[in-house]
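Novice: What follows is a single structure, and I will ask about it in a moment.
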Amino acid sequence: MPELKSMIKDHILDRPNSYIGRSVPRPNAKRLLAGRGTFTDDINLPRQTHVAFLRSTYAHAEIVSIDVSAAKESPGVVAVVTGIEMAKICSPWVGVLSHLEGLKSAPQHALAVKKASWQGEPVVAIVANSRAQAEDAIELIDIEWKELPAVTDMETALDENTPLIHPELGDNLSWQRDFDGGDVDAAFAKADNVIEETYISNRHTGVCLEARGIVADYNPGEDELTIYHSTQTPHMMQSLFAKHLDIEEHKVRVICKDVGGSYGIKVHSYPDEYATVALAYMLKRPVKFTADRLESFTTDIHARDHIIKTKVAVSNQGEIQAFEIDDLTGIGPYSVYPRTSGIEANQVVNLTGGQYTNLNYRARARVVLQNKTPMCQYRAVGHPILTMITEGMVDDAARKIGMDPVEIRRKNLIPDDAYPCKSPTGLPFENLSHHESLEKLVKMLDYDALRKDQSKARKKGIYRGIGVATFIEVTNPGPAFYGVGGASISAQDGATMRLDAKGNVIIETGVTEQGQGAEAVVAQCAASALGVTMDKIKVITGDTDITPYGGGTWGSRAAGIGGEAAVQAGKALRDNIVEVASIMLQCDPSTLDIRDNNIVDVSDGNERMPLSEIGRVCYYRPDTLPKDYQSELVVTRHYVPKKFPFAFTNGVQGCYLEVDINTGFIKFKKYAVVEDCGTVINPMLVDEQVRGGVIQGLGGALYEECLYSPEGQFLNGTMADYLVPMAVEMPDIEVGHVESPTLDSELGAKGAGEAGTGGAPATVMNAINDALYPLGGKVTAQPFTPERILAAIGAI
Amino acid sequence: MKPAAFNYAKPTSVGEALGLLAKHDGDAKVLAGGQSLIPTLNMRLSTPSLLIDINGIGDLSGISVMGGEVRIGALTRHVEIENSSKIAKHVPLLALAMPSIAHPAIRNRGTIGGSIAMADPAAELPACLCALDSEIEITGPAGVRGVAAKDFFKSLYETDAGENEILTAIKIPKIAKGYRSAFDELARRHGDYAMCGVVAHGKCDGDIISDFRLVFFAVGGTPVIATDAMDAMEGMAVNDESIIAAQKALDNDLETFSDLHCSATLRMHYAKVLTKRVLTSLVKP
Ligand SMILES: Cc1cc2nc3c(=O)[nH]c(=O)nc-3n(C[C@H](O)[C@H](O)[C@H](O)COP(=O)(O)OP(=O)(O)OC[C@H]3O[C@@H](n4cnc5c(N)ncnc54)[C@H](O)[C@@H]3O)c2cc1C
């Protein structure tokens, strides 16, 4: 680090009055708290209509006939559109990418054409003057279905006598990936101990406070579509809407105002959203679609439905000698467009066991089709699963040989001085801090004291457990994630920065804000690099006509990539401003700097003039500057990670909990996380990301599950039946940091948005199993419900 | 999730409300706190042509103590009961149960009449009323009548109240000297409808209990009065032995069922765990 800092002039981490590393409050929080946010459903345009969808009530059924005549006559109805009519203006898509070799899926339409493949798939669109009128008309549509056998159980999806969901694909296998590294067979053959287990990760979903929403408006005069969309990726959506409606991309403007949570749910494209845009194009009137909660449950992507067989070899001394996993996952009837539904399993294969020195690793992942809601990437994609199995296996090994779980990790984690190095699957690790993080966690938990308390409690018949889970996480993805596979998803992001006449600064950036504070972080980076105070800065995100072309916010990329672009833009603008100042002050630009909105002397910080003076002269009185000089007070800079395909981060979570062996209820007594996201730009925001992430991870581990009947009927599509974690049951979470900056960027920030979610399920599972150990019980299937806990110890 | 169109009326007297109910015979719904009714309308599980909003009827709300009983107007909000010193003093069981009913925002709107009329099998209040020999006051075209709580809850979501009647009040005897109450439930998250819950009430003399009531909720279609377990405990000291006898008796008293959140076996297990808890807390000062 010191080398790089000395090489870079005015390194961002050396700036005076820097905001980097400070818990600056989010500038947009006040607006949101005051109820002045503009969410998509708050947008109302003149002549606006509303669309509601008749959705398939069957998991798998052929459409025999549709009679919409009565619906068309219903009060307020503007149009009723079926799949066949929709297909004439909106082309189908296939959710595959070339770098996931062999991945296959079938063409998917905005409205089902011949058959529906999951309960909730949109079939007929009804546009009316109000949503209520559209829903009234749905009841008048006469649709004849021929029910087909539904494929719901992923374990039998590949059986010979299981019907095919898309006969043209030849089977129900969407994708398979195999990996074999080192010498796995030899390692197992000579191992002192081999432990096998089956872990189950349950299908759940990201529940956004603001449901998906879109308002589309087509202006025939300009042949332009304007789309207000609750999305994480405005430019990706622009490209997709343009492609499937066959319009030039620059004629499609996607505007993304406030987004009330996204978690990856809003990084995909959805059939009902294409349909809404196509309807606006057809009708030449604004059309609004806002998903209701039931639609959210049955059509937002689900995630994490996996059954994984695991096998670990460990020596009597605690050396892990091999990992082997066999992952089976069901993704619904289609691979989701455009990111595909292969990525989650791909992450499981790529990253399992990646924090350990062991190189003997074999993995198989099979991704099968089902007649359930499509599955795709949700916050911490794959990490909750692969961390659960990795850390489950490591605890399995420790228990087998009677070694303390912290000790076995100390023995096997990649040493902190071993970097750069590679994972068993060949992914490059730049700089991680497993041991420093683990030791810090041990201190935060007061681990030895907890062990003492645990054994004291056991004597009184109270069962407490300690769970520890280390993790690695992929952040700051470059083009290796999607671009190389052919997806129109920008890997780089930009920031355009402009000094206005009164000395204020506007930044437009391609990363987006969904409530996590991305705009605050961009403002901090820009303000620090330029030398202005936060109140002088306004950040604009989420408008494809305005912001630099970019990837949006997902994959823990906004701070690391968008932040670096803002740093570079800030530095470039500072150079330009200092140049003007040096002309005005007739001095060498190297003697000047910008601090606290003023041009100052570098040497003593003496104020020479305010930035508003630069603005005044450049804009209003350029005649006072030399004739051969042109000032440039707008700059754009971009950034994409180049030295590494991703920035890996690491961390460790630990918790102490008590299991009531009469009720199976668990109660958290302590929860701590140590997380290394490189440079911490805003500790408060990082801590809250970690905390929120942990809660979301605990949700999946303890409560959330999309339940289906054997016929593929979704059983718990309300907030009363689908249980999200709530405050009373959740632990206080202590967050600690280790900072190992990435040298790929000057800022050194890696992502932090998903770490909490990725590590939480393993942590709580290990703690429960530690508590149940004296009773001979073990849970391996999420969610770890009271019923499963009691069954594990034979109490019911 | 938009309700089908409906008309709306806001009467200012019970008589006016009854007139509207009679006129729309079976096609109107009373709107109290709306916490249960509005979601069913939004999901179009119910499509009445008229909503009769009783929130404008002033004398339907309030808590008063008259002689040996406490009278709670049907429109009294959960939050008022929760915060009432009269309730804490005279009907401590309700005070114990209140914090487990949903969340503060829902308790601010939800009413005792709505909760009783709705007769959700997992609701706390019906079980409390059954344990306390309460009476439900119903007003209809033929005038006012009273029904004992234990006769009011007929079967799943079915009560003794007719379509054109309105619940107007709940009457609960003041707790007698030497009596104690206990309440417990198990819900996945605080505020959820319980997987299993129980209320206990009786006269406690040291650790001997008599005139004992044990009423379960969330285990059947209505509150379930566990008569065998009550008999097993009557006049007994609470100790390991008697608790086990009471727990055994539940095999006969309860016919548990499975749903998304809890199997029949787990429910029975919980009923026994909770029985031990309430018995223990009943005699523990
Ligand atoms: C998220 C959530 C969680 C909840 N959790 C619990 C819980 O844990 N325990 C619990 O007990 N309850 C729970 N409830 C229910 C809540 O406590 C209310 O008591 C309940 O919704 C009914 O009261 P209300 O006044 O809102 O009735 P409304 O919704 O207005 O009416 C409910 C029904 O009763 C009828 N009705 C209402 N008042 C009268 C009357 N005076 N005469 C005749 N009919 C009438 C209505 O016509 C309607 O059919 C929960 C509700 C929600 C939304």
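Chain lettering (A, B, ...) mirrors the order of the structure tokens, residue numbering begins at 1 for each chain separately, and ligand numbering begins at 1 in order of display.
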Which residues of chain A are close to chain B, meaning at most 9 Å apart when you count only C-alpha atoms, and how do they look as a list in words?
Specialist: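 The answer, sorted by residue number, is Arg131, Ala132, Gln133, Glu135, Asp136, Asp292, Arg293, Leu294, Asn662, Thr663, Phe665, Tyr703, Leu707, Leu715, Asn716, Ala720, Asp721, Leu723, Pro725, Met726, Val728, Glu729, Thr785, Pro786, Glu787, Leu790, Ala795 and Ile796 of chain A.
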Novice: Find the residues around range 452-460 of chain A up to 12 Å (only C-alpha atoms counted), leave out those fewer than 4 positions away in its own chain, and share them as JSON, numbers by chain.
Specialist: {"A": [446, 447, 448, 464, 465, 466, 656, 657, 658, 659, 660, 661, 669, 767, 770, 771, 772, 773, 774, 775]}
Novice: Using only C-alpha atoms and all ligand atoms, what are the residues with an atom within 6 Å of ligand 1, set out as a PyMOL selection string?
Specialist: chain B and resi 29-37+74+101-102+110-111+113-115+117-118+123-125+166-168+191-193
Novice: Of the candidates B:Gly15, B:Pro126, B:Gly206, B:Gly178, which shows the shortest atom-to-atom distance to Gly143 in chain B, using only C-alpha atoms?
Specialist: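 Once distances to Gly143 in chain B are computed over only C-alpha atoms, the minimum belongs to B:Gly15.
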Novice: Among the residues of range 525-760 of chain A, find those DSSP assigns to strand (DSSP E or B) from the backbone and print them as a ChimeraX atom specification.
Specialist: /A:537-541,543,592-595,598-601,607-610,634-639,647-659,666-676,678,708,714,734-737,749
Novice: Might you pull out every residue within 10 Å of Val81 in chain A, with only C-alpha atoms counted and same-chain residues fewer than 3 positions away left off, and present them as a ChimeraX atom specification?
Specialist: /A:53,68,72,84-86,111,123-127,275,279
Novice: For Ile225 in chain B, find every residue with an atom within 10 Å (counting only C-alpha atoms), except residues of its own chain fewer than 6 positions away, and show them as a ChimeraX atom specification.
Specialist: /B:127,130-131,150,198-199,213-217,253-254
Novice: Could you please write out, as a CSV table (one decimal) with N, CA and C atoms, in the first residue's frame, every residue of range 85-231 of chain A that DSSP assigns to helix (DSSP H, G or I)?
Specialist:
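This went into selection_16.csv:
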chain,number,residue,atom,x,y,z
A,85,GLU,N,-51.1,-11.9,-29.6
A,85,GLU,CA,-51.1,-10.5,-30.1
A,85,GLU,C,-49.8,-9.9,-29.6
A,86,MET,N,-49.5,-10.2,-28.4
A,86,MET,CA,-48.3,-9.6,-27.8
A,86,MET,C,-47.0,-10.0,-28.5
A,87,ALA,N,-47.0,-11.2,-28.9
A,87,ALA,CA,-45.8,-11.7,-29.6
A,87,ALA,C,-45.5,-11.0,-30.9
A,131,ARG,N,-56.7,0.3,-11.9
A,131,ARG,CA,-56.3,-1.1,-11.7
A,131,ARG,C,-57.5,-1.9,-11.2
A,132,ALA,N,-58.3,-1.3,-10.4
A,132,ALA,CA,-59.5,-2.0,-10.0
A,132,ALA,C,-60.4,-2.4,-11.1
A,133,GLN,N,-60.6,-1.5,-12.1
A,133,GLN,CA,-61.4,-1.9,-13.3
A,133,GLN,C,-60.7,-3.0,-14.1
A,134,ALA,N,-59.4,-3.0,-14.2
A,134,ALA,CA,-58.7,-4.0,-14.9
A,134,ALA,C,-58.9,-5.4,-14.1
A,135,GLU,N,-58.9,-5.3,-12.8
A,135,GLU,CA,-59.1,-6.6,-12.1
A,135,GLU,C,-60.5,-7.1,-12.2
A,136,ASP,N,-61.5,-6.1,-12.2
A,136,ASP,CA,-62.9,-6.5,-12.5
A,136,ASP,C,-63.0,-7.3,-13.8
A,137,ALA,N,-62.3,-6.8,-14.8
A,137,ALA,CA,-62.4,-7.4,-16.1
A,137,ALA,C,-61.7,-8.8,-16.2
A,138,ILE,N,-60.7,-9.0,-15.4
A,138,ILE,CA,-60.0,-10.3,-15.4
A,138,ILE,C,-61.0,-11.4,-15.1
A,167,PRO,N,-40.3,-29.9,-24.4
A,167,PRO,CA,-39.8,-31.1,-25.1
A,167,PRO,C,-38.7,-30.8,-26.1
A,168,GLU,N,-38.7,-29.6,-26.7
A,168,GLU,CA,-37.7,-29.3,-27.7
A,168,GLU,C,-36.3,-29.3,-27.1
A,169,LEU,N,-36.2,-29.2,-25.8
A,169,LEU,CA,-34.8,-29.2,-25.2
A,169,LEU,C,-34.3,-30.6,-25.0
A,184,VAL,N,-8.4,-35.8,-5.9
A,184,VAL,CA,-9.5,-36.0,-4.9
A,184,VAL,C,-9.5,-37.4,-4.4
A,185,ASP,N,-9.5,-38.3,-5.4
A,185,ASP,CA,-9.6,-39.8,-5.1
A,185,ASP,C,-8.5,-40.2,-4.1
A,186,ALA,N,-7.3,-39.8,-4.5
A,186,ALA,CA,-6.2,-40.2,-3.6
A,186,ALA,C,-6.3,-39.6,-2.2
A,187,ALA,N,-6.8,-38.4,-2.2
A,187,ALA,CA,-6.9,-37.7,-0.9
A,187,ALA,C,-7.9,-38.5,0.0
A,188,PHE,N,-9.1,-38.8,-0.6
A,188,PHE,CA,-10.1,-39.6,0.2
A,188,PHE,C,-9.5,-41.0,0.5
A,189,ALA,N,-8.8,-41.6,-0.4
A,189,ALA,CA,-8.3,-42.9,-0.1
A,189,ALA,C,-7.4,-43.0,1.1
A,190,LYS,N,-6.5,-42.0,1.2
A,190,LYS,CA,-5.6,-42.0,2.3
A,190,LYS,C,-6.0,-41.2,3.6
Novice: Need the shell around Asp676 in chain A: protein/DNA/RNA residues with any atom at most 8 Å away, counting only C-alpha atoms. Skip same-chain ones fewer than 2 positions apart. Format as a list in words?
Specialist: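 My reading of the contact set: Leu432, Ser433, Ser437, Thr649, Asn650, Gly651, Val674, Gly678, His737, Val738, Glu739 and Ser740 of chain A.
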Novice: Kindly save the residues from that selection, with N, CA, C and O atoms included, as a tab-separated table (two decimals), in the first residue's frame.
Specialist:
chain	number	residue	atom	x	y	z
A	432	LEU	N	-6.27	-11.11	1.03
A	432	LEU	CA	-7.33	-11.37	2.01
A	432	LEU	C	-6.75	-11.46	3.41
A	432	LEU	O	-5.54	-11.51	3.59
A	433	SER	N	-7.63	-11.48	4.39
A	433	SER	CA	-7.15	-11.36	5.79
A	433	SER	C	-7.91	-12.34	6.69
A	433	SER	O	-8.45	-11.95	7.72
A	437	SER	N	-8.85	-11.47	10.59
A	437	SER	CA	-10.30	-11.32	10.83
A	437	SER	C	-10.78	-12.30	11.88
A	437	SER	O	-11.54	-11.95	12.78
A	649	THR	N	-13.46	-10.36	-1.37
A	649	THR	CA	-13.39	-9.86	0.00
A	649	THR	C	-13.49	-11.07	0.92
A	649	THR	O	-13.75	-12.18	0.47
A	650	ASN	N	-13.29	-10.84	2.19
A	650	ASN	CA	-13.44	-11.94	3.13
A	650	ASN	C	-13.97	-11.42	4.45
A	650	ASN	O	-14.07	-10.21	4.67
A	651	GLY	N	-14.31	-12.33	5.30
A	651	GLY	CA	-14.78	-11.95	6.62
A	651	GLY	C	-15.13	-13.18	7.41
A	651	GLY	O	-14.92	-14.32	6.96
A	674	VAL	N	-16.83	-9.74	11.46
A	674	VAL	CA	-15.65	-8.99	11.05
A	674	VAL	C	-15.60	-9.08	9.54
A	674	VAL	O	-15.72	-10.16	8.97
A	678	GLY	N	-11.83	-3.91	2.17
A	678	GLY	CA	-10.82	-2.95	1.73
A	678	GLY	C	-11.09	-1.61	2.39
A	678	GLY	O	-11.53	-1.54	3.53
A	737	HIS	N	-13.97	-4.27	11.53
A	737	HIS	CA	-13.39	-4.19	10.19
A	737	HIS	C	-11.91	-4.51	10.19
A	737	HIS	O	-11.19	-4.16	11.12
A	738	VAL	N	-11.49	-5.16	9.11
A	738	VAL	CA	-10.08	-5.24	8.76
A	738	VAL	C	-10.04	-4.62	7.37
A	738	VAL	O	-10.93	-4.84	6.58
A	739	GLU	N	-9.03	-3.81	7.09
A	739	GLU	CA	-9.01	-3.17	5.78
A	739	GLU	C	-7.82	-3.63	4.94
A	739	GLU	O	-6.69	-3.28	5.22
A	740	SER	N	-8.09	-4.43	3.92
A	740	SER	CA	-7.07	-4.82	2.95
A	740	SER	C	-7.50	-4.28	1.59
A	740	SER	O	-8.20	-4.95	0.85
Novice: Using only C-alpha atoms for the distances, tell me which of A:Met388, A:Val640, A:Ile599, A:Val686 is nearest to Glu197 in chain A.
Specialist: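 Closest candidate: A:Met388.
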Novice: Using only C-alpha atoms for the distances, tell me which of A:Gly515, A:Pro741, A:Gly95, A:Gly555 is nearest to Leu209 in chain A.
Specialist: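 Checking each candidate against Leu209 in chain A, we get A:Gly515 as the closest.
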Novice: Which neighbours of Phe152 in chain B fall inside 12 Å, counting only C-alpha atoms, when residues of the same chain fewer than 3 positions from it are skipped, and could you give them as a PDB file with N, CA, C and O atoms, in the first residue's frame?
Specialist:
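The file below, around_0.pdb, is the result:
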ATOM      1  N   ILE B 116     -63.659 -10.746  18.132  1.00  0.00           N
ATOM      2  CA  ILE B 116     -64.622 -11.769  18.575  1.00  0.00           C
ATOM      3  C   ILE B 116     -65.526 -12.180  17.400  1.00  0.00           C
ATOM      4  O   ILE B 116     -65.786 -13.369  17.189  1.00  0.00           O
ATOM      5  N   ALA B 117     -65.977 -11.184  16.637  1.00  0.00           N
ATOM      6  CA  ALA B 117     -66.875 -11.485  15.515  1.00  0.00           C
ATOM      7  C   ALA B 117     -66.157 -12.317  14.458  1.00  0.00           C
ATOM      8  O   ALA B 117     -66.726 -13.225  13.858  1.00  0.00           O
ATOM      9  N   MET B 118     -64.907 -11.982  14.255  1.00  0.00           N
ATOM     10  CA  MET B 118     -64.088 -12.680  13.265  1.00  0.00           C
ATOM     11  C   MET B 118     -63.876 -14.142  13.696  1.00  0.00           C
ATOM     12  O   MET B 118     -63.852 -15.045  12.891  1.00  0.00           O
ATOM     13  N   ALA B 119     -63.676 -14.341  14.997  1.00  0.00           N
ATOM     14  CA  ALA B 119     -63.522 -15.678  15.589  1.00  0.00           C
ATOM     15  C   ALA B 119     -62.397 -16.482  14.949  1.00  0.00           C
ATOM     16  O   ALA B 119     -62.543 -17.669  14.652  1.00  0.00           O
ATOM     17  N   PRO B 126     -60.820 -14.644  22.112  1.00  0.00           N
ATOM     18  CA  PRO B 126     -61.898 -15.629  22.310  1.00  0.00           C
ATOM     19  C   PRO B 126     -61.565 -16.629  23.426  1.00  0.00           C
ATOM     20  O   PRO B 126     -62.423 -16.927  24.267  1.00  0.00           O
ATOM     21  N   ALA B 127     -60.345 -17.095  23.457  1.00  0.00           N
ATOM     22  CA  ALA B 127     -59.961 -18.058  24.500  1.00  0.00           C
ATOM     23  C   ALA B 127     -60.025 -17.404  25.874  1.00  0.00           C
ATOM     24  O   ALA B 127     -60.515 -18.001  26.839  1.00  0.00           O
ATOM     25  N   LEU B 129     -61.937 -14.957  26.817  1.00  0.00           N
ATOM     26  CA  LEU B 129     -63.337 -14.758  27.213  1.00  0.00           C
ATOM     27  C   LEU B 129     -63.966 -16.070  27.667  1.00  0.00           C
ATOM     28  O   LEU B 129     -64.752 -16.095  28.613  1.00  0.00           O
ATOM     29  N   CYS B 130     -63.611 -17.169  26.999  1.00  0.00           N
ATOM     30  CA  CYS B 130     -64.154 -18.470  27.394  1.00  0.00           C
ATOM     31  C   CYS B 130     -63.682 -18.856  28.796  1.00  0.00           C
ATOM     32  O   CYS B 130     -64.428 -19.427  29.582  1.00  0.00           O
ATOM     33  N   ASP B 133     -65.688 -16.893  31.807  1.00  0.00           N
ATOM     34  CA  ASP B 133     -67.161 -16.892  31.888  1.00  0.00           C
ATOM     35  C   ASP B 133     -67.750 -15.569  31.412  1.00  0.00           C
ATOM     36  O   ASP B 133     -68.652 -15.010  32.050  1.00  0.00           O
ATOM     37  N   SER B 134     -67.263 -15.078  30.315  1.00  0.00           N
ATOM     38  CA  SER B 134     -67.730 -13.779  29.827  1.00  0.00           C
ATOM     39  C   SER B 134     -69.025 -13.952  29.035  1.00  0.00           C
ATOM     40  O   SER B 134     -69.357 -15.042  28.590  1.00  0.00           O
ATOM     41  N   GLU B 135     -69.641 -12.805  28.831  1.00  0.00           N
ATOM     42  CA  GLU B 135     -70.868 -12.816  28.029  1.00  0.00           C
ATOM     43  C   GLU B 135     -70.701 -11.850  26.867  1.00  0.00           C
ATOM     44  O   GLU B 135     -70.121 -10.778  27.006  1.00  0.00           O
ATOM     45  N   ILE B 136     -71.227 -12.259  25.744  1.00  0.00           N
ATOM     46  CA  ILE B 136     -71.138 -11.404  24.574  1.00  0.00           C
ATOM     47  C   ILE B 136     -72.510 -10.821  24.310  1.00  0.00           C
ATOM     48  O   ILE B 136     -73.502 -11.551  24.250  1.00  0.00           O
ATOM     49  N   GLU B 137     -72.515  -9.483  24.231  1.00  0.00           N
ATOM     50  CA  GLU B 137     -73.799  -8.805  24.034  1.00  0.00           C
ATOM     51  C   GLU B 137     -74.000  -8.548  22.542  1.00  0.00           C
ATOM     52  O   GLU B 137     -73.158  -7.951  21.891  1.00  0.00           O
ATOM     53  N   ILE B 138     -75.131  -9.056  22.052  1.00  0.00           N
ATOM     54  CA  ILE B 138     -75.413  -8.954  20.626  1.00  0.00           C
ATOM     55  C   ILE B 138     -76.708  -8.176  20.453  1.00  0.00           C
ATOM     56  O   ILE B 138     -77.693  -8.435  21.163  1.00  0.00           O
ATOM     57  N   ARG B 145     -79.414  -9.295  23.178  1.00  0.00           N
ATOM     58  CA  ARG B 145     -79.371 -10.593  23.865  1.00  0.00           C
ATOM     59  C   ARG B 145     -77.942 -10.870  24.300  1.00  0.00           C
ATOM     60  O   ARG B 145     -76.985 -10.270  23.778  1.00  0.00           O
ATOM     61  N   GLY B 146     -77.794 -11.769  25.241  1.00  0.00           N
ATOM     62  CA  GLY B 146     -76.453 -12.115  25.714  1.00  0.00           C
ATOM     63  C   GLY B 146     -76.191 -13.586  25.478  1.00  0.00           C
ATOM     64  O   GLY B 146     -77.080 -14.415  25.602  1.00  0.00           O
ATOM     65  N   VAL B 147     -74.974 -13.890  25.089  1.00  0.00           N
ATOM     66  CA  VAL B 147     -74.591 -15.285  24.879  1.00  0.00           C
ATOM     67  C   VAL B 147     -73.305 -15.549  25.650  1.00  0.00           C
ATOM     68  O   VAL B 147     -72.376 -14.724  25.608  1.00  0.00           O
ATOM     69  N   ALA B 148     -73.251 -16.659  26.331  1.00  0.00           N
ATOM     70  CA  ALA B 148     -72.017 -17.018  27.038  1.00  0.00           C
ATOM     71  C   ALA B 148     -70.916 -17.256  26.002  1.00  0.00           C
ATOM     72  O   ALA B 148     -71.166 -17.857  24.950  1.00  0.00           O
ATOM     73  N   ALA B 149     -69.726 -16.781  26.310  1.00  0.00           N
ATOM     74  CA  ALA B 149     -68.619 -16.899  25.344  1.00  0.00           C
ATOM     75  C   ALA B 149     -68.434 -18.340  24.894  1.00  0.00           C
ATOM     76  O   ALA B 149     -68.210 -18.610  23.707  1.00  0.00           O
ATOM     77  N   SER B 155     -67.953 -22.955  15.265  1.00  0.00           N
ATOM     78  CA  SER B 155     -66.952 -23.747  14.548  1.00  0.00           C
ATOM     79  C   SER B 155     -66.071 -22.763  13.798  1.00  0.00           C
ATOM     80  O   SER B 155     -66.216 -21.552  13.988  1.00  0.00           O
ATOM     81  N   LEU B 156     -65.194 -23.263  12.960  1.00  0.00           N
ATOM     82  CA  LEU B 156     -64.215 -22.401  12.295  1.00  0.00           C
ATOM     83  C   LEU B 156     -64.887 -21.150  11.694  1.00  0.00           C
ATOM     84  O   LEU B 156     -65.724 -21.266  10.803  1.00  0.00           O
ATOM     85  N   TYR B 157     -64.535 -19.977  12.205  1.00  0.00           N
ATOM     86  CA  TYR B 157     -65.071 -18.686  11.755  1.00  0.00           C
ATOM     87  C   TYR B 157     -66.587 -18.602  11.863  1.00  0.00           C
ATOM     88  O   TYR B 157     -67.204 -17.743  11.249  1.00  0.00           O
ATOM     89  N   GLU B 158     -67.214 -19.481  12.611  1.00  0.00           N
ATOM     90  CA  GLU B 158     -68.671 -19.439  12.764  1.00  0.00           C
ATOM     91  C   GLU B 158     -69.036 -19.139  14.187  1.00  0.00           C
ATOM     92  O   GLU B 158     -68.532 -19.765  15.115  1.00  0.00           O
ATOM     93  N   THR B 159     -69.952 -18.160  14.319  1.00  0.00           N
ATOM     94  CA  THR B 159     -70.359 -17.774  15.677  1.00  0.00           C
ATOM     95  C   THR B 159     -71.875 -17.786  15.781  1.00  0.00           C
ATOM     96  O   THR B 159     -72.575 -18.000  14.799  1.00  0.00           O
ATOM     97  N   ASP B 160     -72.320 -17.506  16.978  1.00  0.00           N
ATOM     98  CA  ASP B 160     -73.750 -17.489  17.251  1.00  0.00           C
ATOM     99  C   ASP B 160     -74.413 -16.222  16.684  1.00  0.00           C
ATOM    100  O   ASP B 160     -75.626 -16.135  16.606  1.00  0.00           O
ATOM    101  N   ALA B 161     -73.602 -15.234  16.308  1.00  0.00           N
ATOM    102  CA  ALA B 161     -74.170 -13.974  15.830  1.00  0.00           C
ATOM    103  C   ALA B 161     -74.754 -14.159  14.433  1.00  0.00           C
ATOM    104  O   ALA B 161     -74.116 -14.759  13.568  1.00  0.00           O
ATOM    105  N   GLY B 162     -75.943 -13.627  14.229  1.00  0.00           N
ATOM    106  CA  GLY B 162     -76.585 -13.716  12.917  1.00  0.00           C
ATOM    107  C   GLY B 162     -76.051 -12.650  11.978  1.00  0.00           C
ATOM    108  O   GLY B 162     -75.409 -11.689  12.416  1.00  0.00           O
ATOM    109  N   LEU B 167     -72.324  -7.110  17.269  1.00  0.00           N
ATOM    110  CA  LEU B 167     -71.817  -7.263  18.637  1.00  0.00           C
ATOM    111  C   LEU B 167     -71.739  -5.862  19.213  1.00  0.00           C
ATOM    112  O   LEU B 167     -71.188  -4.958  18.576  1.00  0.00           O
ATOM    113  N   ILE B 170     -68.847  -6.637  25.401  1.00  0.00           N
ATOM    114  CA  ILE B 170     -68.362  -7.855  26.036  1.00  0.00           C
ATOM    115  C   ILE B 170     -68.461  -7.596  27.535  1.00  0.00           C
ATOM    116  O   ILE B 170     -68.041  -6.531  28.002  1.00  0.00           O
ATOM    117  N   THR B 222     -62.166 -23.623  17.104  1.00  0.00           N
ATOM    118  CA  THR B 222     -62.642 -22.617  18.066  1.00  0.00           C
ATOM    119  C   THR B 222     -61.719 -22.693  19.276  1.00  0.00           C
ATOM    120  O   THR B 222     -60.856 -23.566  19.331  1.00  0.00           O
ATOM    121  N   PRO B 223     -61.911 -21.793  20.230  1.00  0.00           N
ATOM    122  CA  PRO B 223     -61.178 -21.997  21.492  1.00  0.00           C
ATOM    123  C   PRO B 223     -61.556 -23.370  22.031  1.00  0.00           C
ATOM    124  O   PRO B 223     -62.705 -23.790  21.914  1.00  0.00           O
TER     125      PRO B 223
END
Novice: Quick one: of A:Tyr218, A:Leu685, A:Tyr629, A:Glu754, who's nearest to Val381 in chain A, counting only C-alpha atoms?
Specialist: A:Glu754
Novice: So what do you get for CA of Phe39 in chain A versus CA of Tyr228 in chain A, distance-wise?
Specialist: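 CA of Tyr228 in chain A lies 9.3 Å from CA of Phe39 in chain A.
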Novice: Show me, as a PyMOL selection string, the residues that have an atom within 9 Å of Asp545 in chain A when counting only C-alpha atoms, minus same-chain residues fewer than 6 positions from it.
Specialist: chain A and resi 250+252-255
